[in-house]
Every structure is written in structure tokens, then in C-alpha cells.
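Novice: The structure file start_32.cif (mmCIF, C-alpha atoms and all ligand atoms) is provided below.
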data_entry
loop_
_atom_site.label_atom_id
_atom_site.label_comp_id
_atom_site.auth_asym_id
_atom_site.auth_seq_id
_atom_site.Cartn_x
_atom_site.Cartn_y
_atom_site.Cartn_z
CA MET A 299 109.12 -177.12 185.23
CA LEU A 300 109.33 -173.73 183.55
CA ASN A 301 111.09 -171.15 185.62
CA THR A 302 111.16 -167.39 185.54
CA GLU A 303 114.54 -166.98 187.25
CA TRP A 304 116.50 -168.45 184.36
CA GLN A 305 117.83 -171.45 186.23
CA LEU A 306 119.25 -173.26 183.20
CA SER A 307 120.51 -176.77 183.75
CA GLY A 308 123.20 -179.00 182.18
CA ASN A 309 123.20 -178.85 178.38
CA ILE A 310 120.98 -175.79 178.31
CA ALA A 311 123.72 -173.75 179.99
CA GLU A 312 126.19 -174.95 177.33
CA ARG A 313 123.79 -173.94 174.58
CA TYR A 314 123.23 -170.54 176.20
CA GLU A 315 127.00 -169.98 175.90
CA GLU A 316 127.12 -171.31 172.34
CA PHE A 317 124.09 -169.61 170.82
CA LEU A 318 122.95 -166.64 172.92
CA VAL A 319 126.23 -165.24 174.22
CA PRO A 320 127.86 -164.36 170.85
CA VAL A 321 124.79 -162.61 169.41
CA ILE A 322 123.34 -160.93 172.51
CA PHE A 323 125.68 -160.83 175.48
CA VAL A 324 129.07 -160.11 173.86
CA PRO A 325 127.90 -156.81 172.26
CA TRP A 326 126.27 -155.75 175.55
CA ALA A 327 129.31 -156.73 177.61
CA ARG A 328 131.46 -154.57 175.33
CA ASP A 329 129.12 -151.62 175.87
CA LEU A 330 128.93 -152.05 179.67
CA LEU A 331 132.68 -152.53 180.07
CA ALA A 332 133.28 -149.31 178.12
CA ARG A 333 130.96 -147.49 180.56
CA ALA A 334 132.83 -149.01 183.53
CA ALA A 335 136.18 -147.70 182.22
CA LEU A 336 138.18 -150.11 184.36
CA GLY A 337 141.97 -150.02 184.51
CA PRO A 338 144.41 -152.94 184.86
CA ASN A 339 144.28 -154.73 188.23
CA MET A 340 141.06 -153.08 189.29
CA LYS A 341 138.65 -155.52 190.92
CA LEU A 342 135.36 -156.27 189.20
CA LEU A 343 132.41 -158.35 190.37
CA ASP A 344 130.36 -159.77 187.48
CA LEU A 345 127.10 -160.33 189.37
CA ALA A 346 124.72 -163.02 188.08
CA CYS A 347 127.57 -163.84 185.72
CA GLY A 348 125.87 -166.79 184.01
CA THR A 349 128.51 -168.38 181.79
CA GLY A 350 130.84 -165.49 182.63
CA ILE A 351 131.13 -163.38 179.51
CA VAL A 352 131.53 -160.01 181.26
CA ALA A 353 134.20 -161.34 183.65
CA ARG A 354 136.00 -163.10 180.78
CA MET A 355 136.14 -160.01 178.58
CA ALA A 356 137.18 -157.80 181.52
CA SER A 357 140.02 -160.10 182.54
CA ALA A 358 141.29 -160.12 178.95
CA SER A 359 142.07 -156.42 179.42
CA GLY A 360 143.91 -156.91 182.72
CA VAL A 361 141.03 -156.44 185.16
CA MET A 362 140.86 -158.81 188.16
CA ALA A 363 137.41 -160.27 187.62
CA THR A 364 135.23 -162.42 189.84
CA GLY A 365 132.01 -163.90 188.51
CA GLY A 366 129.25 -164.87 190.93
CA ASP A 367 125.98 -166.69 190.22
CA ILE A 368 123.55 -168.99 192.04
CA ASN A 369 123.37 -171.50 189.20
CA ALA A 370 125.89 -174.34 189.34
CA ALA A 371 125.39 -175.37 185.70
CA MET A 372 126.11 -171.83 184.45
CA LEU A 373 129.18 -171.59 186.71
CA ALA A 374 130.47 -174.93 185.38
CA VAL A 375 130.36 -173.56 181.82
CA ALA A 376 132.00 -170.32 183.01
CA GLU A 377 134.86 -172.32 184.59
CA LYS A 378 135.26 -174.37 181.43
CA HIS A 379 135.75 -171.25 179.31
CA ALA A 380 137.90 -169.38 181.84
CA ASN A 381 141.24 -168.65 180.28
CA GLY A 382 143.16 -166.30 182.53
CA THR A 383 144.70 -166.11 185.96
CA GLN A 384 142.91 -162.84 186.78
CA LEU A 385 139.56 -164.61 186.60
CA SER A 386 137.58 -166.65 189.12
CA PHE A 387 134.01 -167.82 189.59
CA CYS A 388 132.01 -168.72 192.67
CA HIS A 389 128.55 -169.41 193.97
CA ALA A 390 127.00 -166.07 194.97
CA ASP A 391 123.41 -165.22 195.81
CA ALA A 392 122.80 -161.56 194.95
CA GLN A 393 120.87 -161.14 198.20
CA ALA A 394 123.72 -162.37 200.42
CA LEU A 395 127.02 -161.87 198.62
CA PRO A 396 129.92 -163.97 199.94
CA PHE A 397 132.38 -161.06 199.87
CA ASP A 398 133.82 -158.70 202.47
CA ASP A 399 132.72 -155.07 202.65
CA GLN A 400 134.45 -152.78 200.12
CA SER A 401 136.00 -155.62 198.08
CA PHE A 402 135.41 -154.32 194.55
CA ASP A 403 136.12 -151.22 192.45
CA ALA A 404 133.13 -152.02 190.26
CA VAL A 405 130.13 -154.31 189.89
CA ILE A 406 128.53 -155.14 186.55
CA CYS A 407 125.26 -157.03 186.42
CA GLN A 408 124.15 -157.87 182.89
CA GLN A 409 120.52 -159.06 182.59
CA GLY A 410 120.32 -160.37 186.16
CA LEU A 411 118.54 -157.79 188.31
CA GLN A 412 115.08 -158.53 186.90
CA PHE A 413 115.32 -162.10 188.24
CA PHE A 414 116.33 -161.29 191.81
CA PRO A 415 113.49 -161.92 194.27
CA ASP A 416 114.72 -159.08 196.54
CA ARG A 417 116.04 -156.35 194.24
CA ARG A 418 116.42 -153.76 196.98
CA GLY A 419 118.36 -156.21 199.19
CA SER A 420 120.60 -157.04 196.22
CA ALA A 421 121.24 -153.36 195.50
CA MET A 422 122.24 -152.85 199.15
CA GLU A 423 124.55 -155.85 198.97
CA CYS A 424 126.24 -154.31 195.91
CA LEU A 425 126.69 -151.05 197.78
CA ARG A 426 128.26 -152.95 200.70
CA VAL A 427 130.86 -154.78 198.58
CA LEU A 428 131.81 -151.68 196.55
CA LYS A 429 134.74 -149.54 197.65
CA PRO A 430 133.98 -145.84 198.28
CA GLY A 431 134.10 -144.13 194.88
CA GLY A 432 133.20 -147.43 193.21
CA ARG A 433 130.66 -147.79 190.44
CA ALA A 434 127.99 -150.36 189.65
CA ILE A 435 126.35 -150.89 186.28
CA PHE A 436 123.10 -152.78 185.89
CA CYS A 437 121.62 -153.59 182.48
CA THR A 438 118.02 -154.85 182.36
CA ALA A 439 115.80 -155.35 179.32
CA ARG A 440 113.05 -152.84 178.64
CA GLY A 441 109.51 -153.91 177.66
CA LEU A 442 108.48 -156.63 175.26
CA SER A 443 107.15 -154.10 172.76
CA GLU A 444 110.69 -152.65 172.42
CA ASN A 445 112.38 -156.05 172.14
CA PRO A 446 111.48 -158.11 169.06
CA LEU A 447 113.69 -160.97 170.29
CA MET A 448 111.59 -161.54 173.40
CA GLN A 449 108.30 -160.51 171.78
CA ALA A 450 108.73 -163.07 168.99
CA GLN A 451 109.43 -165.90 171.43
CA ALA A 452 106.65 -164.91 173.87
CA THR A 453 104.08 -164.81 171.06
CA ALA A 454 105.19 -168.10 169.51
CA PHE A 455 105.49 -170.00 172.81
CA SER A 456 102.02 -168.83 173.89
CA GLN A 457 100.63 -170.01 170.58
CA TYR A 458 102.24 -173.46 170.71
CA PHE A 459 102.14 -174.27 174.42
CA GLY A 460 99.69 -171.86 176.07
CA ASP A 461 100.30 -168.54 177.77
CA GLY A 462 102.19 -170.00 180.78
CA ALA A 463 105.04 -171.15 178.52
CA ALA A 464 105.91 -167.56 177.72
CA ALA A 465 106.46 -166.70 181.40
CA PRO A 466 110.27 -167.12 181.37
CA ILE A 467 110.51 -164.86 178.33
CA ARG A 468 108.16 -162.25 179.80
CA ALA A 469 110.27 -162.39 182.98
CA VAL A 470 113.25 -161.05 181.02
CA CYS A 471 111.23 -157.84 180.46
CA ALA A 472 109.55 -157.74 183.88
CA PHE A 473 111.60 -154.90 185.41
CA ALA A 474 111.45 -152.47 182.52
CA ASP A 475 110.63 -149.10 184.03
CA ALA A 476 113.50 -146.59 184.10
CA GLY A 477 111.91 -144.54 186.92
CA GLU A 478 111.52 -147.63 189.13
CA THR A 479 115.12 -148.57 188.41
CA GLU A 480 116.30 -145.09 189.41
CA SER A 481 114.29 -145.18 192.68
CA LEU A 482 115.59 -148.64 193.53
CA PHE A 483 119.22 -147.52 193.51
CA ALA A 484 118.61 -144.10 195.07
CA ASP A 485 116.65 -145.74 197.94
CA ALA A 486 119.41 -148.30 198.42
CA GLY A 487 121.88 -145.45 199.06
CA PHE A 488 123.72 -145.00 195.74
CA SER A 489 124.59 -141.49 194.61
CA PRO A 490 124.66 -140.28 191.94
CA VAL A 491 122.22 -142.51 190.09
CA ARG A 492 121.75 -142.32 186.35
CA VAL A 493 119.53 -144.54 184.19
CA ASP A 494 119.68 -144.38 180.40
CA LYS A 495 117.66 -146.15 177.77
CA VAL A 496 120.21 -147.86 175.50
CA VAL A 497 119.40 -149.66 172.26
CA LEU A 498 121.92 -151.93 170.56
CA ASN A 499 121.30 -153.26 167.08
CA LEU A 500 122.09 -156.96 167.24
CA PHE A 501 122.85 -159.21 164.29
CA ALA A 502 122.44 -162.94 163.69
CA GLU A 503 123.82 -163.75 160.26
CA ASP A 504 122.16 -167.16 160.07
CA ALA A 505 118.60 -166.58 161.28
CA VAL A 506 117.62 -170.26 161.13
CA GLY A 507 120.73 -171.41 163.02
CA PHE A 508 120.29 -168.69 165.63
CA VAL A 509 116.61 -169.41 166.27
CA ASP A 510 117.22 -173.18 166.35
CA GLY A 511 120.01 -172.59 168.87
CA MET A 512 117.93 -170.15 170.90
CA MET A 513 115.11 -172.68 171.19
CA LYS A 514 117.59 -175.02 172.92
CA ALA A 515 118.98 -172.32 175.19
CA THR A 516 116.15 -170.92 177.29
CA PRO A 517 114.05 -172.29 180.18
CA VAL A 518 111.49 -173.36 177.55
CA ALA A 519 114.01 -175.75 175.92
CA ASP A 520 112.75 -178.92 177.60
CA LYS A 521 109.21 -178.22 176.42
CA ILE A 522 110.41 -177.55 172.87
CA GLY A 523 112.38 -180.81 173.00
CA THR A 524 109.13 -182.77 173.29
CA LEU A 525 107.86 -181.50 169.91
CA GLU A 526 107.98 -183.61 166.75
CA SER A 527 110.68 -182.41 164.37
CA ALA A 528 108.12 -180.99 161.87
CA THR A 529 106.34 -179.03 164.61
CA ARG A 530 109.68 -177.71 165.87
CA GLN A 531 110.43 -176.42 162.38
CA GLN A 532 107.01 -174.73 162.27
CA LEU A 533 107.74 -173.12 165.64
CA ARG A 534 111.07 -171.86 164.30
CA SER A 535 109.26 -170.37 161.24
CA THR A 536 106.67 -168.75 163.50
CA ILE A 537 109.40 -167.12 165.60
CA ILE A 538 111.22 -165.86 162.51
CA ASP A 539 107.95 -164.52 161.02
CA GLU A 540 107.28 -162.68 164.28
CA PHE A 541 110.51 -160.72 163.76
CA GLY A 542 108.76 -159.08 160.77
CA ALA A 543 110.98 -156.59 158.96
CA CYS A 544 113.97 -157.52 161.18
CA PHE A 545 114.30 -160.67 159.01
CA ASP A 546 115.75 -160.02 155.54
CA GLY A 547 115.30 -163.53 154.17
CA SER A 548 118.48 -164.96 155.69
CA SER A 549 119.66 -162.81 158.61
CA LEU A 550 118.13 -161.11 161.62
CA ARG A 551 119.01 -157.54 162.53
CA PHE A 552 117.02 -156.36 165.51
CA PRO A 553 117.02 -153.64 168.17
CA HIS A 554 117.63 -154.80 171.75
CA SER A 555 116.54 -152.23 174.27
CA ALA A 556 117.60 -152.00 177.91
CA ASN A 557 117.82 -149.65 180.85
CA VAL A 558 121.43 -149.15 181.87
CA ALA A 559 121.84 -147.87 185.42
CA VAL A 560 125.22 -146.37 186.28
CA VAL A 561 125.30 -145.83 190.04
CA SER A 562 128.07 -144.88 192.46
CA ARG A 563 129.05 -145.29 196.05
CA LEU A 564 130.25 -141.97 197.45
C1 LIG B 601 119.89 -164.13 181.55
S1 LIG B 601 121.16 -164.77 182.58
C2 LIG B 601 122.43 -163.52 182.42
C3 LIG B 601 123.78 -164.11 182.67
C4 LIG B 601 124.99 -163.23 182.39
N1 LIG B 601 124.99 -162.02 183.17
C5 LIG B 601 125.19 -162.93 180.93
O1 LIG B 601 125.37 -161.76 180.59
O2 LIG B 601 125.20 -163.86 180.11
C6 LIG B 601 120.56 -164.48 184.21
C7 LIG B 601 121.45 -165.04 185.32
O3 LIG B 601 120.98 -164.55 186.58
C8 LIG B 601 121.29 -165.55 187.53
N2 LIG B 601 120.53 -165.29 188.77
C9 LIG B 601 119.19 -165.31 188.94
N3 LIG B 601 118.89 -165.05 190.22
C10 LIG B 601 120.06 -164.85 190.88
C11 LIG B 601 120.41 -164.53 192.25
N4 LIG B 601 119.48 -164.36 193.17
N5 LIG B 601 121.72 -164.38 192.57
C12 LIG B 601 122.68 -164.56 191.63
N6 LIG B 601 122.42 -164.87 190.33
C13 LIG B 601 121.13 -165.02 189.96
C14 LIG B 601 120.88 -166.83 186.83
O4 LIG B 601 121.39 -167.98 187.46
C15 LIG B 601 121.44 -166.58 185.43
O5 LIG B 601 122.74 -167.08 185.28
#
Can the structure from this file be put into C-alpha cells for me?
Specialist:
Amino acid sequence: MLNTEWQLSGNIAERYEEFLVPVIFVPWARDLLARAALGPNMKLLDLACGTGIVARMASASGVMATGGDINAAMLAVAEKHANGTQLSFCHADAQALPFDDQSFDAVICQQGLQFFPDRRGSAMECLRVLKPGGRAIFCTARGLSENPLMQAQATAFSQYFGDGAAAPIRAVCAFADAGETESLFADAGFSPVRVDKVVLNLFAEDAVGFVDGMMKATPVADKIGTLESATRQQLRSTIIDEFGACFDGSSLRFPHSANVAVVSRL
């Protein structure tokens, strides 16, 4: 079944780490960690950590990082790649975090908020687990029209499988409004609240390898797996064509646009 909450299972979680993390999530994690400006031994919650890239990069600079996610397959990959003592992972539902009040100096949530069924409840949970003076950073994709990566997949999947197949990709861009994001955190009790549009230019040197990998690394992977090899190659070409001028004949260089909310607990 296709899902819009990015519940990746088994091998798909491994492929997410292998193919999507280096091109998309490492550059964003670098950006978000710079905004968090954490010092050694500060405590960070990487919320909806997936395979744990934010927590892993934070712990490499001496931060005490905890990654929490509801998906066991993603957490298993996170554990497998964990390489430091200042790093741990656990099951955590964003709506009911398994942490004491005021446990963390900072929370970072990279491309997770749009999937939470109760965003306001999750924001209030983040406020609860933050120490006074603590800061939370949420990064959520802006609209499809600003994100060739998602637009290309949504268009191609609709064409090959029908409109419903694009739902998980559209879901990535489903909480795209900066004003709504600002209201969400202000209403939850954060102050000050600041939301910026941030665009990173991402790069996949081997376009074919990246798109082949990506097709195995999203909730649509099982559906793509049923295609004949020739049809799968056509789908790959369709996706690459949809990138238009972002494809230079061998590589992809594309803008990736997100709202970054930096919000504090007084
Ligand atoms: C696109 S992935 C992002 C993962 C990670 N932050 C990264 O940067 O690679 C979205 C993640 O949100 C998680 N997620 C969705 N709903 C959640 C919830 N209610 N509580 C915690 N995690 C959730 C999914 O399991 C998935 O790992």
C-alpha cells in the first residue's frame, strides 16, 4: 500500500540511506546544524530522525544526540550506522514524546513535520521537552512548483501508475506555507518564531544512478519494482526529462526549497 507518512520498510530504508541521504539530507543537515549553533555536550533531539543523519553529524562534533522516529526499519538503519558514544536512537512518536520535560537544549526536525497527523500537538511536545532558552528548528519542503525533485517524480508516477501513486511525493510538499508554519509555532507557545524560505542547490553527479536509486528509496518503490526492466528504464528517462534544464546530460543540479522555522522556548 502506498503511504503518505513515509513509512519505509526493510530494504527501502537502507536504500533511503544509500541514495537519498548523501544528495539531499546531508547538505540540509549541515545547514540546519549551523543554524542550531550547538556546543559540545549540549543535548539535541533529532525528531523524526529517519536513518539518523542529523543526530550522526551532530554527535561527530561533540553534541549529545538522540534520534527519535516511529519507524522501526529506519531506526534499525540508524543504529547500524551509529558510530559514537554520544549518540542514541529510540522509538518516539512526535505526538507523545518519550522524554521528560526540559530534557533538550535543541530539537531539529528535518523533513518530518509535514507527515505528523497532529502538527500542533507535536509542536507542543517539542516545547515541553525543550529547556527554557532552548531552540527548535523545523525544515519542511515548500511547494512542488519550487522543487523539481518532487515535481519530476510526481509527474512521472502519475503518468505511469495513475494520480494516486504520486500521493507520497505530493505529501512531502503538503505543508508548504510559511505563514501557516509561523502560526503553528506561535500558537503552540514558542517565542520568538522566525520562518525563512531557504533554497539549497543540490547536486547528483551521476543522474542515472541517483534516479535509479531514488526509485528504490521512496514509498513508491514496491510499485516500481513490479515494472518490466524496459519500462523501469523509460520511467527513469521520464523523471530525468522532467528535470529539464537541471539535467546537463550527465549530472543533476537542482534547487531544493524549504521553509526553515527557527523557534525558541523563553
Ligand atoms: C522524509 S523522512 C526524514 C527523515 C530524517 N529526518 C532525514 O533527514 O533523513 C520522514 C520521517 O518522518 C518519520 N515520521 C513520520 N511520522 C512521524 C511521527 N508521527 N513521529 C515520529 N516520526 C515520524 C518517518 O518515519 C520518517 O522516518
Novice: Would you mind listing the residues within 7 Å of ligand LIG 601 (chain B), counting all atoms listed in the file, as a ChimeraX atom specification?
Specialist: /A:303-305,319,323,345-352,366-369,372,390-393,407-410,413-415
Novice: Go ahead and dump the residues you just picked, C-alpha atoms, as a PDB file, keeping the file's coordinate frame.
Specialist:
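That gives us part-v8.pdb:
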ATOM      1  CA  GLU A 303     114.540-166.980 187.250  1.00  0.00           C
ATOM      2  CA  TRP A 304     116.500-168.450 184.360  1.00  0.00           C
ATOM      3  CA  GLN A 305     117.830-171.450 186.230  1.00  0.00           C
ATOM      4  CA  VAL A 319     126.230-165.240 174.220  1.00  0.00           C
ATOM      5  CA  PHE A 323     125.680-160.830 175.480  1.00  0.00           C
ATOM      6  CA  LEU A 345     127.100-160.330 189.370  1.00  0.00           C
ATOM      7  CA  ALA A 346     124.720-163.020 188.080  1.00  0.00           C
ATOM      8  CA  CYS A 347     127.570-163.840 185.720  1.00  0.00           C
ATOM      9  CA  GLY A 348     125.870-166.790 184.010  1.00  0.00           C
ATOM     10  CA  THR A 349     128.510-168.380 181.790  1.00  0.00           C
ATOM     11  CA  GLY A 350     130.840-165.490 182.630  1.00  0.00           C
ATOM     12  CA  ILE A 351     131.130-163.380 179.510  1.00  0.00           C
ATOM     13  CA  VAL A 352     131.530-160.010 181.260  1.00  0.00           C
ATOM     14  CA  GLY A 366     129.250-164.870 190.930  1.00  0.00           C
ATOM     15  CA  ASP A 367     125.980-166.690 190.220  1.00  0.00           C
ATOM     16  CA  ILE A 368     123.550-168.990 192.040  1.00  0.00           C
ATOM     17  CA  ASN A 369     123.370-171.500 189.200  1.00  0.00           C
ATOM     18  CA  MET A 372     126.110-171.830 184.450  1.00  0.00           C
ATOM     19  CA  ALA A 390     127.000-166.070 194.970  1.00  0.00           C
ATOM     20  CA  ASP A 391     123.410-165.220 195.810  1.00  0.00           C
ATOM     21  CA  ALA A 392     122.800-161.560 194.950  1.00  0.00           C
ATOM     22  CA  GLN A 393     120.870-161.140 198.200  1.00  0.00           C
ATOM     23  CA  CYS A 407     125.260-157.030 186.420  1.00  0.00           C
ATOM     24  CA  GLN A 408     124.150-157.870 182.890  1.00  0.00           C
ATOM     25  CA  GLN A 409     120.520-159.060 182.590  1.00  0.00           C
ATOM     26  CA  GLY A 410     120.320-160.370 186.160  1.00  0.00           C
ATOM     27  CA  PHE A 413     115.320-162.100 188.240  1.00  0.00           C
ATOM     28  CA  PHE A 414     116.330-161.290 191.810  1.00  0.00           C
ATOM     29  CA  PRO A 415     113.490-161.920 194.270  1.00  0.00           C
TER      30      PRO A 415
END
Novice: Restricting the calculation to all atoms listed in the file, which member of A:Ala505, A:Ile406, A:Ala421, A:Arg328 is positioned closest to Phe541 in chain A?
Specialist: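 So, comparing all the options, the nearest one is A:Ala505.
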Novice: Which one of A:Leu425, A:Ala311, A:Met362, A:Val321 sits closest to His554 in chain A if you count all atoms listed in the file?
Specialist: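 Closest to His554 in chain A of all the choices is A:Val321.
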Novice: Identify which of the residues A:Ile538, A:Ala559, A:Cys388, A:Ala543 lies closest to Gly365 in chain A, counting all atoms listed in the file when measuring atom-to-atom distances.
Specialist: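 Closest to Gly365 in chain A of all the choices is A:Cys388.
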Novice: Can you build me a table of range 376-440 of chain A residues sitting at most 10 Å from range 329-344 of chain A, with the closest atom pair per residue and its distance in Å to one decimal, using only C-alpha atoms, sorted by chain and residue number, as a Markdown table?
Specialist:
| residue | atom | partner | partner_atom | distance |
| --- | --- | --- | --- | --- |
| A:Gln384 | CA | A:Asn339 | CA | 8.4 |
| A:Leu385 | CA | A:Leu342 | CA | 9.7 |
| A:Ser386 | CA | A:Leu343 | CA | 9.9 |
| A:Phe387 | CA | A:Asp344 | CA | 9.1 |
| A:Phe397 | CA | A:Leu343 | CA | 9.9 |
| A:Ser401 | CA | A:Lys341 | CA | 7.6 |
| A:Phe402 | CA | A:Lys341 | CA | 5.0 |
| A:Asp403 | CA | A:Lys341 | CA | 5.2 |
| A:Ala404 | CA | A:Leu342 | CA | 4.9 |
| A:Val405 | CA | A:Leu343 | CA | 4.7 |
| A:Ile406 | CA | A:Asp344 | CA | 5.1 |
| A:Cys407 | CA | A:Asp344 | CA | 5.9 |
| A:Gln408 | CA | A:Asp344 | CA | 8.0 |
| A:Cys424 | CA | A:Leu343 | CA | 9.2 |
| A:Val427 | CA | A:Leu343 | CA | 9.1 |
| A:Leu428 | CA | A:Leu343 | CA | 9.1 |
| A:Lys429 | CA | A:Lys341 | CA | 9.8 |
| A:Gly432 | CA | A:Ala334 | CA | 9.8 |
| A:Arg433 | CA | A:Ala334 | CA | 7.3 |
| A:Ala434 | CA | A:Ala334 | CA | 7.9 |
| A:Ile435 | CA | A:Leu330 | CA | 7.2 |
| A:Phe436 | CA | A:Leu330 | CA | 8.6 |
| A:Cys437 | CA | A:Leu330 | CA | 8.0 |
Novice: Calculated over all atoms listed in the file, which of the candidates A:Gly487, A:Gly382, A:Pro553, A:Gly441 has the smallest distance to Met422 in chain A?
Specialist: A:Gly487
Novice: Quick one: of A:Ile537, A:Ala484, A:Ala358, A:Ala394, who's nearest to Ala450 in chain A, counting only C-alpha atoms?
Specialist: A:Ile537
Novice: Calculated over only C-alpha atoms, which of the candidates A:Arg530, A:Arg492, A:Arg426, A:Arg354 has the smallest distance to Asp510 in chain A?
Specialist: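 Of all the options, A:Arg530 lies closest to Asp510 in chain A.
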Novice: Compile the contact shell of Ser443 in chain A as a list in words: residues with an atom at most 10 Å away, counting only C-alpha atoms, same-chain residues fewer than 5 positions apart removed.
Specialist: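 Final neighbour list, sorted by chain and number: Met448, Gln449, Ala450, Cys471 and Ser555 of chain A.
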Novice: Distance CA of Ala469 in chain A-CA of Ala371 in chain A, one decimal place?
Specialist: 20.1 Å
Novice: Grab the CA of Ala519 in chain A to CA of Arg417 in chain A distance for me, in Å with one decimal place.
Specialist: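 About the pair CA of Ala519 in chain A and CA of Arg417 in chain A: they are 26.8 Å apart.
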Novice: Which neighbours of Val558 in chain A fall inside 8 Å, counting all atoms listed in the file, when residues of the same chain fewer than 2 positions from it are skipped, and could you give them as a PyMOL selection string?
Specialist: chain A and resi 435-438+493-496+556+560
Novice: Work out how far CA of Gly477 in chain A is from CA of Val491 in chain A, in Å to one decimal.
Specialist: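 CA of Gly477 in chain A lies 11.0 Å from CA of Val491 in chain A.
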